[in-house]
Amino acid sequence: MEQKNLITVITDNHLMADTIAKAICANETHDGYYLGNGYAVTWTNGELIEAAFKAKNSLVLSTSMKSREVYAHNFEFAMRNYDEVVGYKKSAADARNLGTIRSLWEKSHTVINAMLPCEEGELMFLNLYYYLAMPVTVKRAWLPVLTRQAIRNAVFNGRTDTDEYEKWLGEAIINRIIEVDKDDVLETLDDTTDFGYEVEDMWERENEVSDGMTEDPEPRLYCMYTLADDARDSLGWDFDRMFDTAMMLYFKKLISFPLYIETRIPKTVCHKMKRNIRTLTYHPKWGKLAPKAFKPDARHIYDGRQTAFNGYGIVTTGIHPTDLSGDERKLYSLIVKRVIDAFTPPAENETKNDKTL
């Protein structure tokens, strides 16, 4: 029997894999993966395996099932076929990616899920896991920022808040099923599920703007949608241009992962902003506005309604940019201004606004 002596890290794309590999000293470059220090790092290039919901008359859902069981029983998994959509042959490249992942997986005693830190990234990994059908120990490396220390902590240590993570994952899976057929799900589950929340309440939460959005301080940190609004108004960009540029800033370790509607941050992140704000004083356009004396501001900290797995407001990471494209420079400048404004005490902010009028 072949000894399984690898730990394989799987992430979304080549650029993210390259960043992770450098951080954990997997420095050997191979076709489709990096290798070194007992680790292999490879990537899926997006949603490599698709999940198709089975017909609703075969819905398998009960309060006794764990979230992963619900997903495995209610979806069918197959390699994506984008050839007709994108207009060129892509399946061959996908098959090569999948072959590399399968080979590394077979040699691994542990696989680390380092997909994007969001619901979509989580489900893309589950698609792959159930398609390959090779049980293995899985650990989650949650990476809201891609700084070297954050990567090493996430890959080497993993998460300790497993109960909160499992609850969030269960809700993500039910979300996906409800997208297909809400009524059928609610008829099947009319009581509190094993995931620890009321399905009916969760559905209502998914269809209303977060209450916290109206109570957050002004100015708030950006989330994906408010950044899109300002990029449209200030730069004339559409959503896709903003999203692609924001993701490049995330991959280049300059901002936290841009996600949905959350504008607050965990207390640990707020404390780190003292050092990060200091870096922003060197920004050529807005650095002079950075507060000289920074104190963590409780107005921006999670207040109990949020969970780390739902992301947090977009903040800078304390790394000074050196290789930005024109679009990246413009969007980063927009984010820097908002971060400085959000962490400037209200009285100072009013003075600054008066001076800029």
# chains A, B, ... in the order shown; residues from 1 in each chain; ligands from 1
$ select_by_dssp --residues "region 100-347 of chain A" --states "strand (DSSP E or B)" --output "MDAnalysis selection string"
chainID A and resid 108:113 137:140 222 255 265 301 314 316
$ residues_around --residues "Ser325 (chain A)" --least-positions-apart "5" --cutoff "12 Å" --atoms "only C-alpha atoms" --output "PDB file with N, CA and C atoms, in the first residue's frame"
ATOM      1  N   THR A 245     -11.126  43.908 -10.472  1.00  0.00           N
ATOM      2  CA  THR A 245     -10.036  44.724  -9.931  1.00  0.00           C
ATOM      3  C   THR A 245      -9.901  44.526  -8.426  1.00  0.00           C
ATOM      4  N   ALA A 246     -11.022  44.470  -7.715  1.00  0.00           N
ATOM      5  CA  ALA A 246     -10.979  44.249  -6.266  1.00  0.00           C
ATOM      6  C   ALA A 246     -10.360  42.897  -5.944  1.00  0.00           C
ATOM      7  N   MET A 248      -8.118  41.330  -7.693  1.00  0.00           N
ATOM      8  CA  MET A 248      -6.677  41.426  -7.901  1.00  0.00           C
ATOM      9  C   MET A 248      -5.999  42.111  -6.711  1.00  0.00           C
ATOM     10  N   LEU A 249      -6.644  43.112  -6.130  1.00  0.00           N
ATOM     11  CA  LEU A 249      -6.090  43.757  -4.939  1.00  0.00           C
ATOM     12  C   LEU A 249      -6.047  42.781  -3.767  1.00  0.00           C
ATOM     13  N   LYS A 252      -3.204  40.378  -4.402  1.00  0.00           N
ATOM     14  CA  LYS A 252      -1.921  41.046  -4.176  1.00  0.00           C
ATOM     15  C   LYS A 252      -1.715  41.435  -2.719  1.00  0.00           C
ATOM     16  N   LYS A 330      -6.477  53.056  -9.088  1.00  0.00           N
ATOM     17  CA  LYS A 330      -7.669  53.886  -8.891  1.00  0.00           C
ATOM     18  C   LYS A 330      -8.583  53.295  -7.816  1.00  0.00           C
ATOM     19  N   LEU A 331      -8.821  51.990  -7.893  1.00  0.00           N
ATOM     20  CA  LEU A 331      -9.731  51.380  -6.924  1.00  0.00           C
ATOM     21  C   LEU A 331      -9.091  51.324  -5.541  1.00  0.00           C
ATOM     22  N   TYR A 332      -7.807  51.048  -5.476  1.00  0.00           N
ATOM     23  CA  TYR A 332      -7.119  51.027  -4.184  1.00  0.00           C
ATOM     24  C   TYR A 332      -7.182  52.405  -3.533  1.00  0.00           C
TER      25      TYR A 332
END
$ atom_distance --atom1 "CA of Asn276 (chain A)" --atom2 "CA of Gly313 (chain A)"
14.5 Å
$ closest_residue --among "A:Met242, A:Ile20, A:Lys285, A:Ile151" --to "Ala228 (chain A)" --atoms "only C-alpha atoms"
A:Met242
$ select_by_dssp --residues "region 209-269 of chain A" --states "helix (DSSP H, G or I)" --output "PyMOL selection string"
chain A and resi 212-215+224-235+239-251+267-269
$ closest_residue --among "A:Arg278, A:Arg299, A:Lys288, A:His14" --to "Arg264 (chain A)" --atoms "only C-alpha atoms"
A:Arg299
$ atom_distance --atom1 "CA of Tyr34 (chain A)" --atom2 "CA of Pro117 (chain A)"
21.3 Å
$ atom_distance --atom1 "CA of Trp105 (chain A)" --atom2 "CA of Met134 (chain A)"
8.0 Å
$ residues_around --residues "Asp94 (chain A)" --least-positions-apart "5" --cutoff "12 Å" --atoms "only C-alpha atoms" --output "list of chain:residue names"
A:Gly32, A:Trp43, A:Thr44, A:Asn45, A:Gly46, A:Glu47, A:Leu48, A:Ile49, A:Glu50, A:Ala78, A:Met79, A:Arg80, A:Asn81, A:Tyr82, A:Asp83, A:Lys89, A:Gly99, A:Thr100, A:Ile101
